[in-house]
$ cat target.csv   # CSV, C-alpha atoms (C1' of nucleotides) and all ligand atoms
chain,number,residue,atom,x,y,z
A,24,MET,CA,105.9,-38.5,122.2
A,25,PRO,CA,104.1,-41.8,121.7
A,26,ALA,CA,105.5,-43.4,118.7
A,27,ASP,CA,103.1,-42.1,116.2
A,28,PRO,CA,100.2,-44.4,116.1
A,29,LEU,CA,99.5,-43.6,112.6
A,30,ASP,CA,101.2,-45.5,110.0
A,31,ARG,CA,100.9,-43.8,106.7
A,32,SER,CA,102.5,-46.6,104.9
A,33,ALA,CA,99.5,-48.8,105.4
A,34,ALA,CA,97.1,-46.1,104.3
A,35,ALA,CA,99.1,-45.0,101.4
A,36,PRO,CA,97.1,-44.3,98.3
A,37,GLY,CA,98.5,-47.2,96.6
A,38,PRO,CA,102.1,-48.6,96.3
A,39,GLU,CA,101.4,-50.1,92.9
A,40,ARG,CA,99.5,-48.1,90.5
A,41,ALA,CA,96.9,-49.7,88.4
A,42,GLU,CA,97.9,-47.8,85.3
A,43,THR,CA,96.1,-47.1,82.1
A,44,GLY,CA,92.5,-47.3,83.3
A,45,ALA,CA,92.5,-45.7,86.7
A,46,GLU,CA,94.2,-42.4,86.8
A,47,GLN,CA,95.9,-41.9,90.1
A,48,GLU,CA,93.5,-39.6,91.7
A,49,THR,CA,96.1,-37.7,93.6
A,50,ALA,CA,98.5,-37.5,90.7
A,51,CYS,CA,96.3,-35.1,88.7
A,52,GLN,CA,95.7,-33.0,91.8
A,53,PRO,CA,98.9,-31.0,91.5
A,54,ASP,CA,98.0,-30.3,87.9
A,55,ARG,CA,94.7,-28.8,88.9
A,56,PHE,CA,96.4,-26.4,91.3
A,57,ASN,CA,99.1,-25.6,88.8
A,58,ARG,CA,96.5,-24.7,86.2
A,59,ALA,CA,94.6,-22.5,88.7
A,60,ARG,CA,97.8,-20.7,89.5
A,61,ALA,CA,98.6,-20.1,85.9
A,62,ALA,CA,95.1,-18.7,85.4
A,63,GLN,CA,95.6,-16.4,88.3
A,64,ALA,CA,98.9,-15.1,86.8
A,65,ALA,CA,97.0,-14.1,83.7
A,66,THR,CA,94.3,-12.4,85.6
A,67,ILE,CA,96.0,-9.0,85.9
A,68,LEU,CA,97.0,-8.9,82.3
A,69,GLU,CA,93.5,-9.8,81.2
A,70,ASP,CA,91.7,-7.4,83.4
A,71,TYR,CA,94.0,-4.5,82.6
A,72,ALA,CA,93.8,-5.2,78.8
A,73,GLU,CA,90.1,-5.3,78.9
A,74,MET,CA,90.0,-2.1,81.0
A,75,ILE,CA,92.4,-0.3,78.6
A,76,GLY,CA,90.2,-1.4,75.7
A,77,ASP,CA,87.2,0.1,77.4
A,78,LEU,CA,88.9,3.4,78.0
A,79,ILE,CA,90.1,3.6,74.5
A,80,ALA,CA,86.6,2.9,73.2
A,81,GLU,CA,85.3,5.7,75.5
A,82,PHE,CA,88.0,8.3,75.3
A,83,GLY,CA,90.2,7.3,72.4
A,84,GLU,CA,93.1,6.5,74.8
A,85,ALA,CA,93.7,5.1,78.2
A,86,ARG,CA,95.4,7.1,80.8
A,87,VAL,CA,97.2,5.8,83.8
A,88,THR,CA,95.0,7.7,86.2
A,89,ASP,CA,91.8,6.5,84.7
A,90,ILE,CA,93.0,2.9,84.7
A,91,ALA,CA,94.0,3.2,88.3
A,92,HIS,CA,90.7,4.8,89.2
A,93,ARG,CA,88.6,2.1,87.6
A,94,MET,CA,90.8,-0.8,88.8
A,95,GLY,CA,90.7,0.6,92.4
A,96,VAL,CA,94.4,0.9,92.7
A,97,THR,CA,96.9,3.7,93.0
A,98,HIS,CA,98.5,5.1,89.9
A,99,PRO,CA,102.0,3.5,90.4
A,100,THR,CA,100.3,0.2,90.6
A,101,ALA,CA,98.6,0.8,87.3
A,102,THR,CA,101.9,2.0,85.8
A,103,LYS,CA,103.5,-1.2,86.8
A,104,ALA,CA,100.8,-3.2,85.2
A,105,VAL,CA,101.1,-1.3,82.0
A,106,ALA,CA,104.8,-1.9,82.1
A,107,ARG,CA,104.1,-5.6,82.2
A,108,LEU,CA,101.6,-5.3,79.4
A,109,ARG,CA,104.3,-3.6,77.4
A,110,ARG,CA,106.7,-6.4,78.2
A,111,GLU,CA,104.2,-8.9,77.0
A,112,GLY,CA,103.7,-7.1,73.8
A,113,LEU,CA,100.1,-6.2,74.6
A,114,ALA,CA,100.3,-2.5,75.0
A,115,ILE,CA,102.4,0.5,73.8
A,116,SER,CA,102.9,3.9,75.4
A,117,ARG,CA,105.2,6.8,75.6
A,118,PRO,CA,106.1,8.8,78.7
A,119,TYR,CA,103.4,11.1,79.9
A,120,ARG,CA,101.1,10.0,77.1
A,121,GLY,CA,98.2,7.6,76.8
A,122,ILE,CA,98.4,3.9,76.7
A,123,PHE,CA,97.2,1.9,73.6
A,124,LEU,CA,96.8,-1.7,72.8
A,125,THR,CA,98.7,-3.7,70.2
A,126,ASP,CA,96.8,-5.9,67.9
A,127,GLU,CA,97.5,-8.7,70.1
A,128,GLY,CA,96.4,-6.7,73.1
A,129,GLU,CA,93.2,-5.7,71.4
A,130,ALA,CA,92.5,-9.3,70.5
A,131,LEU,CA,93.0,-10.3,74.1
A,132,ALA,CA,90.8,-7.6,75.3
A,133,GLY,CA,88.1,-8.6,73.0
A,134,ARG,CA,88.2,-12.3,74.0
A,135,VAL,CA,88.3,-11.3,77.7
A,136,ARG,CA,85.3,-9.0,77.3
A,137,ALA,CA,83.3,-11.6,75.4
A,138,ARG,CA,84.1,-14.3,78.0
A,139,HIS,CA,83.2,-12.0,80.8
A,140,ARG,CA,79.8,-11.4,79.3
A,141,THR,CA,79.2,-15.1,78.7
A,142,VAL,CA,80.1,-15.9,82.3
A,143,VAL,CA,77.8,-13.2,83.6
A,144,ASP,CA,75.0,-14.4,81.3
A,145,LEU,CA,75.4,-18.0,82.4
A,146,LEU,CA,75.3,-17.1,86.1
A,147,VAL,CA,72.2,-15.1,85.5
A,148,ALA,CA,70.7,-18.0,83.5
A,149,VAL,CA,71.1,-20.4,86.4
A,150,GLY,CA,69.5,-17.9,88.8
A,151,VAL,CA,72.2,-15.6,90.2
A,152,PRO,CA,71.1,-12.0,90.7
A,153,ALA,CA,72.6,-9.7,88.1
A,154,GLU,CA,74.7,-7.6,90.5
A,155,THR,CA,76.1,-10.7,92.2
A,156,ALA,CA,76.8,-12.3,88.8
A,157,GLU,CA,78.8,-9.2,87.8
A,158,MET,CA,80.8,-9.3,91.0
A,159,ASP,CA,81.6,-13.0,91.0
A,160,ALA,CA,82.3,-13.2,87.3
A,161,GLU,CA,85.1,-10.7,87.7
A,162,GLY,CA,87.1,-13.3,89.4
A,163,MET,CA,85.6,-16.5,88.0
A,164,GLU,CA,86.1,-15.6,84.4
A,165,HIS,CA,89.8,-16.1,84.5
A,166,HIS,CA,89.4,-19.7,85.4
A,167,VAL,CA,87.0,-20.5,82.7
A,168,SER,CA,88.7,-22.7,80.1
A,169,ARG,CA,87.9,-22.8,76.4
A,170,THR,CA,86.0,-26.0,76.9
A,171,THR,CA,83.9,-24.6,79.7
A,172,LEU,CA,83.3,-21.4,77.8
A,173,ARG,CA,82.0,-23.3,74.9
A,174,ALA,CA,79.7,-25.3,77.2
A,175,PHE,CA,78.4,-22.1,78.6
A,176,GLU,CA,77.7,-20.7,75.1
A,177,ASP,CA,75.9,-23.9,74.1
A,178,TYR,CA,73.9,-23.8,77.2
A,179,LEU,CA,72.9,-20.2,76.8
A,180,ARG,CA,72.0,-20.9,73.1
A,181,GLN,CA,69.9,-23.8,74.2
A,182,ILE,CA,67.8,-22.0,76.8
A,183,ASP,CA,67.5,-19.1,74.4
A,184,ALA,CA,65.8,-21.2,71.9
A,185,PRO,CA,62.1,-20.9,72.0
A,186,PRO,CA,60.6,-23.6,74.2
A,187,GLY,CA,58.3,-24.6,71.5
A,188,THR,CA,61.1,-25.4,69.1
A,189,GLU,CA,62.2,-28.7,70.6
A,190,SER,CA,65.0,-30.1,68.6
A,191,SER,CA,66.7,-30.3,72.0
A,192,SER,CA,68.4,-33.7,72.1
A,193,GLN,CA,69.9,-33.4,68.7
A,194,ASP,CA,72.3,-30.7,67.7
B,29,MET,CA,111.6,16.0,73.3
B,30,PRO,CA,110.0,16.4,69.9
B,31,ALA,CA,106.8,18.4,69.9
B,32,ASP,CA,104.6,15.4,70.5
B,33,PRO,CA,102.8,14.6,67.3
B,34,LEU,CA,100.2,12.8,69.3
B,35,ASP,CA,97.7,15.2,70.5
B,36,ARG,CA,95.3,13.3,72.7
B,37,SER,CA,92.6,15.7,72.0
B,38,ALA,CA,92.5,14.7,68.4
B,39,ALA,CA,92.6,11.1,69.2
B,40,ALA,CA,89.6,11.3,71.4
B,41,PRO,CA,86.3,11.1,69.6
B,42,GLY,CA,84.7,13.0,72.4
B,43,PRO,CA,86.8,16.0,73.4
B,44,GLU,CA,85.1,16.3,76.7
B,45,ARG,CA,86.0,13.6,79.1
B,46,ALA,CA,83.9,12.0,81.7
B,47,GLU,CA,82.2,15.2,82.8
B,48,THR,CA,78.7,14.1,83.5
B,49,GLY,CA,77.6,11.0,85.3
B,50,ALA,CA,80.2,8.8,83.6
B,51,GLU,CA,82.0,8.5,86.9
B,52,GLN,CA,79.0,7.1,88.5
B,53,GLU,CA,78.4,4.1,86.3
B,54,THR,CA,82.0,3.1,86.8
B,55,ALA,CA,82.0,3.8,90.5
B,56,CYS,CA,81.2,0.2,91.4
B,57,GLN,CA,83.9,-1.1,89.1
B,58,PRO,CA,86.8,-0.7,91.6
B,59,ASP,CA,84.7,-2.6,94.1
B,60,ARG,CA,84.4,-5.6,91.8
B,61,PHE,CA,88.1,-5.8,91.4
B,62,ASN,CA,88.7,-5.3,95.1
B,63,ARG,CA,86.4,-8.2,95.8
B,64,ALA,CA,88.1,-10.4,93.3
B,65,ARG,CA,91.5,-9.5,94.8
B,66,ALA,CA,90.2,-10.3,98.3
B,67,ALA,CA,88.9,-13.7,97.1
B,68,GLN,CA,92.2,-14.4,95.5
B,69,ALA,CA,94.0,-13.7,98.8
B,70,ALA,CA,91.8,-16.3,100.5
B,71,THR,CA,92.5,-18.9,97.8
B,72,ILE,CA,95.6,-20.3,99.3
B,73,LEU,CA,94.2,-20.6,102.8
B,74,GLU,CA,91.1,-22.3,101.5
B,75,ASP,CA,92.9,-24.8,99.3
B,76,TYR,CA,95.4,-25.7,101.9
B,77,ALA,CA,92.8,-26.0,104.6
B,78,GLU,CA,90.8,-28.3,102.4
B,79,MET,CA,93.8,-30.4,101.5
B,80,ILE,CA,94.9,-30.7,105.1
B,81,GLY,CA,91.4,-31.9,106.0
B,82,ASP,CA,91.6,-34.5,103.2
B,83,LEU,CA,94.9,-35.8,104.5
B,84,ILE,CA,93.7,-35.9,108.0
B,85,ALA,CA,90.7,-37.9,106.9
B,86,GLU,CA,93.0,-40.3,105.1
B,87,PHE,CA,96.0,-40.6,107.3
B,88,GLY,CA,94.9,-39.1,110.6
B,89,GLU,CA,97.3,-36.2,110.2
B,90,ALA,CA,98.7,-34.0,107.4
B,91,ARG,CA,102.5,-34.0,106.8
B,92,VAL,CA,104.2,-31.2,105.0
B,93,THR,CA,105.6,-33.4,102.4
B,94,ASP,CA,102.2,-34.8,101.5
B,95,ILE,CA,100.7,-31.4,101.4
B,96,ALA,CA,103.4,-30.2,99.1
B,97,HIS,CA,103.1,-33.2,96.9
B,98,ARG,CA,99.4,-32.9,96.4
B,99,MET,CA,99.5,-29.1,95.9
B,100,GLY,CA,102.3,-29.4,93.4
B,101,VAL,CA,104.7,-27.3,95.3
B,102,THR,CA,108.0,-27.8,97.1
B,103,HIS,CA,108.0,-28.5,100.8
B,104,PRO,CA,109.2,-25.1,101.9
B,105,THR,CA,106.3,-23.5,100.1
B,106,ALA,CA,103.9,-25.8,101.9
B,107,THR,CA,105.6,-25.0,105.2
B,108,LYS,CA,105.1,-21.3,104.6
B,109,ALA,CA,101.5,-21.9,103.8
B,110,VAL,CA,101.1,-23.8,107.0
B,111,ALA,CA,102.7,-21.0,108.9
B,112,ARG,CA,100.1,-18.7,107.5
B,113,LEU,CA,97.3,-21.0,108.4
B,114,ARG,CA,98.7,-21.1,112.0
B,115,ARG,CA,98.8,-17.3,112.1
B,116,GLU,CA,95.2,-17.2,111.0
B,117,GLY,CA,94.2,-19.6,113.7
B,118,LEU,CA,93.2,-22.3,111.3
B,119,ALA,CA,95.9,-24.9,112.0
B,120,ILE,CA,98.2,-26.1,114.7
B,121,SER,CA,101.4,-28.0,114.5
B,122,ARG,CA,104.6,-28.7,116.4
B,123,PRO,CA,108.1,-29.0,114.9
B,124,TYR,CA,108.7,-32.2,113.0
B,125,ARG,CA,105.1,-33.3,113.6
B,126,GLY,CA,102.0,-33.4,111.6
B,127,ILE,CA,99.7,-30.5,111.0
B,128,PHE,CA,96.1,-30.4,112.3
B,129,LEU,CA,93.2,-28.1,111.9
B,130,THR,CA,91.6,-26.0,114.6
B,131,ASP,CA,87.8,-26.1,114.9
B,132,GLU,CA,87.8,-23.0,112.8
B,133,GLY,CA,90.1,-24.5,110.2
B,134,GLU,CA,88.0,-27.7,110.1
B,135,ALA,CA,84.8,-25.6,109.6
B,136,LEU,CA,86.5,-23.7,106.8
B,137,ALA,CA,87.7,-26.9,105.1
B,138,GLY,CA,84.2,-28.3,105.3
B,139,ARG,CA,82.7,-25.3,103.7
B,140,VAL,CA,85.3,-25.2,101.0
B,141,ARG,CA,84.9,-28.9,100.2
B,142,ALA,CA,81.1,-28.5,99.9
B,143,ARG,CA,81.4,-25.5,97.8
B,144,HIS,CA,83.9,-27.2,95.5
B,145,ARG,CA,81.5,-30.0,94.9
B,146,THR,CA,78.6,-27.7,94.3
B,147,VAL,CA,80.6,-25.7,91.7
B,148,VAL,CA,81.7,-28.9,90.0
B,149,ASP,CA,78.2,-30.2,90.0
B,150,LEU,CA,76.8,-27.0,88.5
B,151,LEU,CA,79.4,-27.0,85.8
B,152,VAL,CA,78.6,-30.5,84.9
B,153,ALA,CA,74.9,-29.7,85.0
B,154,VAL,CA,75.2,-27.1,82.4
B,155,GLY,CA,77.2,-29.3,80.1
B,156,VAL,CA,80.9,-29.0,81.1
B,157,PRO,CA,82.8,-32.3,80.8
B,158,ALA,CA,83.5,-33.8,84.3
B,159,GLU,CA,87.3,-33.5,84.0
B,160,THR,CA,87.2,-30.0,82.8
B,161,ALA,CA,84.7,-29.1,85.5
B,162,GLU,CA,87.1,-30.4,88.1
B,163,MET,CA,89.9,-28.4,86.6
B,164,ASP,CA,88.1,-25.1,86.3
B,165,ALA,CA,86.3,-25.4,89.6
B,166,GLU,CA,89.6,-25.4,91.4
B,167,GLY,CA,90.1,-21.8,90.5
B,168,MET,CA,86.5,-20.6,90.1
B,169,GLU,CA,85.3,-21.8,93.5
B,170,HIS,CA,87.1,-19.1,95.4
B,171,HIS,CA,85.1,-16.4,93.6
B,172,VAL,CA,81.7,-17.9,94.2
B,173,SER,CA,79.9,-15.8,96.8
B,174,ARG,CA,77.4,-17.1,99.2
B,175,THR,CA,74.6,-15.7,97.1
B,176,THR,CA,75.9,-17.4,94.0
B,177,LEU,CA,76.5,-20.7,95.9
B,178,ARG,CA,72.9,-20.7,97.0
B,179,ALA,CA,71.7,-20.0,93.5
B,180,PHE,CA,73.8,-23.0,92.3
B,181,GLU,CA,72.3,-25.2,95.0
B,182,ASP,CA,68.8,-24.1,94.1
B,183,TYR,CA,69.4,-24.8,90.5
B,184,LEU,CA,70.8,-28.2,91.1
B,185,ARG,CA,67.9,-29.1,93.3
B,186,GLN,CA,65.5,-27.9,90.7
B,187,ILE,CA,67.0,-30.0,87.9
B,188,ASP,CA,67.3,-32.9,90.2
B,189,ALA,CA,63.6,-33.0,90.6
B,190,PRO,CA,62.2,-35.8,88.6
B,191,PRO,CA,61.2,-34.4,85.2
B,192,GLY,CA,57.9,-36.2,85.3
B,193,THR,CA,56.9,-34.7,88.7
B,194,GLU,CA,56.4,-31.1,87.7
B,195,SER,CA,54.4,-30.0,90.7
B,196,SER,CA,56.9,-27.4,91.6
B,197,SER,CA,57.0,-25.3,88.5
B,198,GLN,CA,53.9,-23.6,87.5
B,199,ASP,CA,52.9,-24.5,84.0
C,12,DA,C1',103.6,34.1,80.4
C,13,DC,C1',103.6,32.2,84.4
C,14,DA,C1',101.8,30.0,88.6
C,15,DT,C1',99.3,26.3,90.0
C,16,DA,C1',97.0,22.1,89.5
C,17,DA,C1',96.8,17.7,87.6
C,18,DG,C1',99.0,13.8,85.6
C,19,DT,C1',102.9,10.8,85.3
C,20,DG,C1',107.3,8.6,86.5
C,21,DT,C1',110.5,6.6,89.9
C,22,DA,C1',112.2,4.8,94.0
C,23,DG,C1',111.5,2.0,97.7
C,24,DC,C1',108.6,-0.4,101.1
C,25,DC,C1',105.8,-4.5,102.2
C,26,DA,C1',103.5,-9.3,102.1
C,27,DC,C1',102.9,-13.2,99.3
C,28,DG,C1',104.0,-17.4,97.2
C,29,DG,C1',106.9,-19.7,94.3
C,30,DC,C1',111.9,-21.6,94.3
C,31,DT,C1',116.9,-23.6,95.8
C,32,DT,C1',120.2,-24.8,99.2
C,33,DC,C1',121.7,-26.4,103.4
C,34,DA,C1',121.2,-27.7,108.4
C,35,DT,C1',118.7,-30.4,111.6
C,36,DT,C1',115.6,-33.9,113.2
C,37,DT,C1',113.1,-38.0,113.0
C,38,DC,C1',112.4,-42.6,111.2
C,39,DG,C1',113.4,-47.3,109.8
C,40,DG,C1',116.3,-51.2,108.8
C,41,DC,C1',119.9,-53.8,110.5
D,4,DG,C1',121.7,-48.9,119.5
D,5,DC,C1',123.5,-47.0,114.9
D,6,DC,C1',123.5,-45.2,110.7
D,7,DG,C1',121.7,-43.8,106.5
D,8,DA,C1',117.5,-42.0,104.4
D,9,DA,C1',113.7,-39.3,104.6
D,10,DA,C1',111.3,-35.5,106.5
D,11,DT,C1',111.3,-31.1,108.3
D,12,DG,C1',113.1,-26.5,109.3
D,13,DA,C1',115.4,-22.2,108.1
D,14,DA,C1',117.6,-18.9,105.2
D,15,DG,C1',117.5,-16.4,101.3
D,16,DC,C1',116.4,-15.3,96.2
D,17,DC,C1',113.0,-13.8,92.8
D,18,DG,C1',108.8,-11.8,90.6
D,19,DT,C1',104.3,-10.0,91.5
D,20,DG,C1',101.2,-6.6,93.0
D,21,DG,C1',99.8,-3.7,96.4
D,22,DC,C1',101.3,0.8,98.8
D,23,DT,C1',103.6,5.8,100.0
D,24,DA,C1',106.5,9.6,99.1
D,25,DC,C1',108.6,12.5,96.2
D,26,DA,C1',110.2,14.4,91.6
D,27,DC,C1',109.1,15.8,87.3
D,28,DT,C1',106.1,17.0,83.2
D,29,DT,C1',102.0,18.5,81.2
D,30,DA,C1',97.8,21.0,81.3
D,31,DT,C1',95.1,24.9,82.7
D,32,DG,C1',93.5,29.3,84.2
D,33,DT,C1',94.3,34.1,84.7
E,1,MN,MN,88.3,-10.2,85.9
E,2,MN,MN,86.2,-8.9,83.5
E,3,MN,MN,90.7,-24.2,94.8
E,4,MN,MN,88.9,-27.0,95.7
$ encode --input "target.csv" --output "structure tokens"
Amino acid sequence: MPADPLDRSAAAPGPERAETGAEQETACQPDRFNRARAAQAATILEDYAEMIGDLIAEFGEARVTDIAHRMGVTHPTATKAVARLRREGLAISRPYRGIFLTDEGEALAGRVRARHRTVVDLLVAVGVPAETAEMDAEGMEHHVSRTTLRAFEDYLRQIDAPPGTESSSQD
Amino acid sequence: MPADPLDRSAAAPGPERAETGAEQETACQPDRFNRARAAQAATILEDYAEMIGDLIAEFGEARVTDIAHRMGVTHPTATKAVARLRREGLAISRPYRGIFLTDEGEALAGRVRARHRTVVDLLVAVGVPAETAEMDAEGMEHHVSRTTLRAFEDYLRQIDAPPGTESSSQD
DNA sequence: ACATAAGTGTAGCCACGGCTTCATTTCGGC
DNA sequence: GCCGAAATGAAGCCGTGGCTACACTTATGT
């Protein structure tokens, strides 16, 4: 093959790094992806915890079959997820009995539920149809950081304020 | 086994379980999660395709090591991802040579890149700090449907309109 | 009370996406 | 041209999160 006409060495992002001021734009890149992967790992726990919380609120307990049905998976899959919740100290259960949340699990479920609602609300606020917002939020929510969540809340509060009351620029 | 002291019937506030239309309001629920799972499955392909596109734009080709470095993974992981891209008809490569995108892969990369920017822009527009927006968008973007993306674009266009020129919005 | 239905557990399969380790190839300096 | 370094490939491990198939337990109805 022709000796590769492309010399990467010349086009390299920058042999010397101008430190302090300019962050190496490609150096933070891996971090972004790592964070996204970490968020993805928590997705299952979060969704199952919230779901179990919902079922407990409705029926007083969460059963594997109900969890599986609502999550759209088979019951062994739900069982495995519950096992992981148990390992993480988020749920408790006994064989052939319902699943319950620990205090920690309940706290998580609560946070997740609130965040979910905020994300949906924000999407609707910027013009996304309600049904679509509900759909997309189910996946997006797990990647919404605390900072972003707070920004969403502030934004929603701001647009909720009566338009006549214009203390907008200030706090 | 001890005669289980936990009778589920007592724990349940409502003895009767979802007998009426309770199933119907939760019928869409599995679909939401299935969609979120599908979006997650596409995440890897999308991010790698975009990344390969970036590298080609910079260096004329994408090398496994560079991909791995920017994605924050080891090179065998990047190799596996490239293999999957090839299988899906999104990339082409020959042993010990650079990786390139097919027309389809290039189209995907372009869409993903544009969507990424839109998501970041929207986050910033509603008050999320730029760096945080970049972080969160990396994960959120894959769950943004076409409908939501269009809503984002409309919203951004709307707020981009000069505040003084309010011909568009009825007053 | 007992038969059957429904719920649950368990085992084992698969693909994915990380990783380490080692073999092989290509590249670059001399 | 050679040789060492760097890049790439290939094998194989692990955990996750789907699934099916089958065993067992619990609930239910007669
Ligand atoms: Mn979710
Ligand atoms: Mn949710
Ligand atoms: Mn991404
Ligand atoms: Mn992206």
$ interface_residues --input "target.csv" --of "chain C" --to "chain B" --cutoff "8 Å" --atoms "only C-alpha atoms (C1' of nucleotides)" --output "ChimeraX atom specification"
/C:28-30,36-37
$ write_last_selection --input "target.csv" --atoms "C-alpha atoms (C1' of nucleotides)" --output "PDB file, in the frame of the given file"
ATOM      1  C1'  DG C  28     104.000 -17.400  97.200  1.00  0.00           C
ATOM      2  C1'  DG C  29     106.900 -19.700  94.300  1.00  0.00           C
ATOM      3  C1'  DC C  30     111.900 -21.600  94.300  1.00  0.00           C
ATOM      4  C1'  DT C  36     115.600 -33.900 113.200  1.00  0.00           C
ATOM      5  C1'  DT C  37     113.100 -38.000 113.000  1.00  0.00           C
TER       6       DT C  37
END
$ atom_distance --input "target.csv" --atom1 "CA of Val140 (chain B)" --atom2 "CA of Ala189 (chain B)"
25.3 Å
$ interface_residues --input "target.csv" --of "chain B" --to "chain A" --cutoff "6 Å" --atoms "all atoms listed in the file" --output "JSON, numbers by chain"
{"B": [39, 40, 57, 58, 60, 64, 87, 98, 99, 100, 155, 156, 163, 164, 167, 168, 171, 172, 176, 179]}
$ atom_distance --input "target.csv" --atom1 "CA of His98 (chain A)" --atom2 "atom MN of ligand MN 1 (chain E)"
18.8 Å
$ atom_distance --input "target.csv" --atom1 "C1' of DT29 (chain D)" --atom2 "C1' of DT15 (chain C)"
12.1 Å
$ interface_residues --input "target.csv" --of "chain D" --to "chain B" --cutoff "8 Å" --atoms "all atoms listed in the file" --output "short mmCIF file (atom, residue, chain, number, x, y, z; two decimals) with C-alpha atoms (C1' of nucleotides), keeping the file's coordinate frame"
data_model
loop_
_atom_site.label_atom_id
_atom_site.label_comp_id
_atom_site.auth_asym_id
_atom_site.auth_seq_id
_atom_site.Cartn_x
_atom_site.Cartn_y
_atom_site.Cartn_z
"C1'" DA D 10 111.30 -35.50 106.50
"C1'" DT D 11 111.30 -31.10 108.30
"C1'" DG D 12 113.10 -26.50 109.30
#
$ decode --input "target.csv" --residues "region 10-22 of chain D" --atoms "N, CA, C and O atoms (P, O5', C5', C4', C3', O3' and C1' of nucleotides)" --output "compact mmCIF listing (two decimals), in the first residue's frame"
# COMPACT_ATOMS: atom_id res chain seq x y z
P DA D 10 1.23 4.12 19.37
O5' DA D 10 0.50 3.12 18.37
C5' DA D 10 0.83 3.18 17.00
C4' DA D 10 0.23 1.99 16.29
C3' DA D 10 -1.24 1.72 16.63
O3' DA D 10 -1.96 1.61 15.42
C1' DA D 10 0.04 -0.25 16.90
P DT D 11 -3.53 1.52 15.44
O5' DT D 11 -3.77 -0.05 15.32
C5' DT D 11 -3.28 -0.74 14.20
C4' DT D 11 -3.39 -2.24 14.41
C3' DT D 11 -4.79 -2.73 14.78
O3' DT D 11 -5.33 -3.42 13.67
C1' DT D 11 -3.06 -3.83 16.00
P DG D 12 -6.77 -4.12 13.83
O5' DG D 12 -6.39 -5.60 14.30
C5' DG D 12 -5.45 -6.34 13.53
C4' DG D 12 -5.27 -7.73 14.12
C3' DG D 12 -6.58 -8.44 14.48
O3' DG D 12 -6.49 -9.78 14.02
C1' DG D 12 -5.18 -8.36 16.39
P DA D 13 -7.69 -10.74 14.00
O5' DA D 13 -7.45 -11.64 15.30
C5' DA D 13 -6.15 -12.16 15.55
C4' DA D 13 -6.18 -13.04 16.79
C3' DA D 13 -7.56 -13.64 17.09
O3' DA D 13 -7.36 -14.95 17.61
C1' DA D 13 -6.86 -12.35 18.92
P DA D 14 -8.61 -15.93 17.83
O5' DA D 14 -8.45 -16.36 19.36
C5' DA D 14 -7.15 -16.61 19.88
C4' DA D 14 -7.18 -16.55 21.41
C3' DA D 14 -8.46 -17.15 22.01
O3' DA D 14 -8.10 -18.10 22.99
C1' DA D 14 -8.04 -14.99 22.89
P DG D 15 -9.20 -19.09 23.62
O5' DG D 15 -9.45 -18.46 25.06
C5' DG D 15 -8.36 -17.90 25.77
C4' DG D 15 -8.90 -17.04 26.91
C3' DG D 15 -10.27 -17.49 27.44
O3' DG D 15 -10.25 -17.37 28.84
C1' DG D 15 -10.33 -15.25 26.95
P DC D 16 -11.28 -18.20 29.75
O5' DC D 16 -11.59 -17.16 30.90
C5' DC D 16 -10.52 -16.56 31.61
C4' DC D 16 -10.99 -15.27 32.26
C3' DC D 16 -12.35 -15.41 32.93
O3' DC D 16 -12.26 -15.17 34.32
C1' DC D 16 -12.25 -13.46 31.55
P DC D 17 -13.45 -15.43 35.31
O5' DC D 17 -14.22 -14.04 35.25
C5' DC D 17 -13.61 -12.87 35.76
C4' DC D 17 -14.55 -11.70 35.60
C3' DC D 17 -15.97 -12.01 36.10
O3' DC D 17 -16.29 -11.17 37.19
C1' DC D 17 -16.00 -10.96 33.94
P DG D 18 -17.60 -11.51 38.08
O5' DG D 18 -18.60 -10.38 37.56
C5' DG D 18 -18.20 -9.01 37.66
C4' DG D 18 -19.24 -8.14 36.99
C3' DG D 18 -20.68 -8.45 37.41
O3' DG D 18 -21.37 -7.23 37.60
C1' DG D 18 -20.48 -8.69 35.07
P DT D 19 -22.86 -7.20 38.09
O5' DT D 19 -23.64 -6.87 36.74
C5' DT D 19 -23.18 -5.79 35.95
C4' DT D 19 -24.02 -5.66 34.70
C3' DT D 19 -25.53 -5.85 34.91
O3' DT D 19 -26.18 -4.77 34.29
C1' DT D 19 -24.79 -7.19 33.11
P DG D 20 -27.58 -4.31 34.79
O5' DG D 20 -28.54 -4.93 33.69
C5' DG D 20 -28.39 -4.54 32.35
C4' DG D 20 -29.11 -5.51 31.46
C3' DG D 20 -30.48 -5.97 31.98
O3' DG D 20 -31.40 -5.93 30.91
C1' DG D 20 -29.22 -7.81 31.39
P DG D 21 -32.86 -5.46 31.13
O5' DG D 21 -33.60 -6.18 29.91
C5' DG D 21 -33.97 -7.55 30.02
C4' DG D 21 -33.56 -8.27 28.75
C3' DG D 21 -34.28 -9.61 28.55
O3' DG D 21 -35.53 -9.41 27.94
C1' DG D 21 -31.97 -9.92 28.25
P DC D 22 -36.79 -10.24 28.33
O5' DC D 22 -36.45 -11.70 27.76
C5' DC D 22 -36.17 -11.86 26.38
C4' DC D 22 -35.58 -13.24 26.13
C3' DC D 22 -36.43 -14.40 26.65
O3' DC D 22 -37.35 -14.80 25.65
C1' DC D 22 -34.12 -14.71 27.22
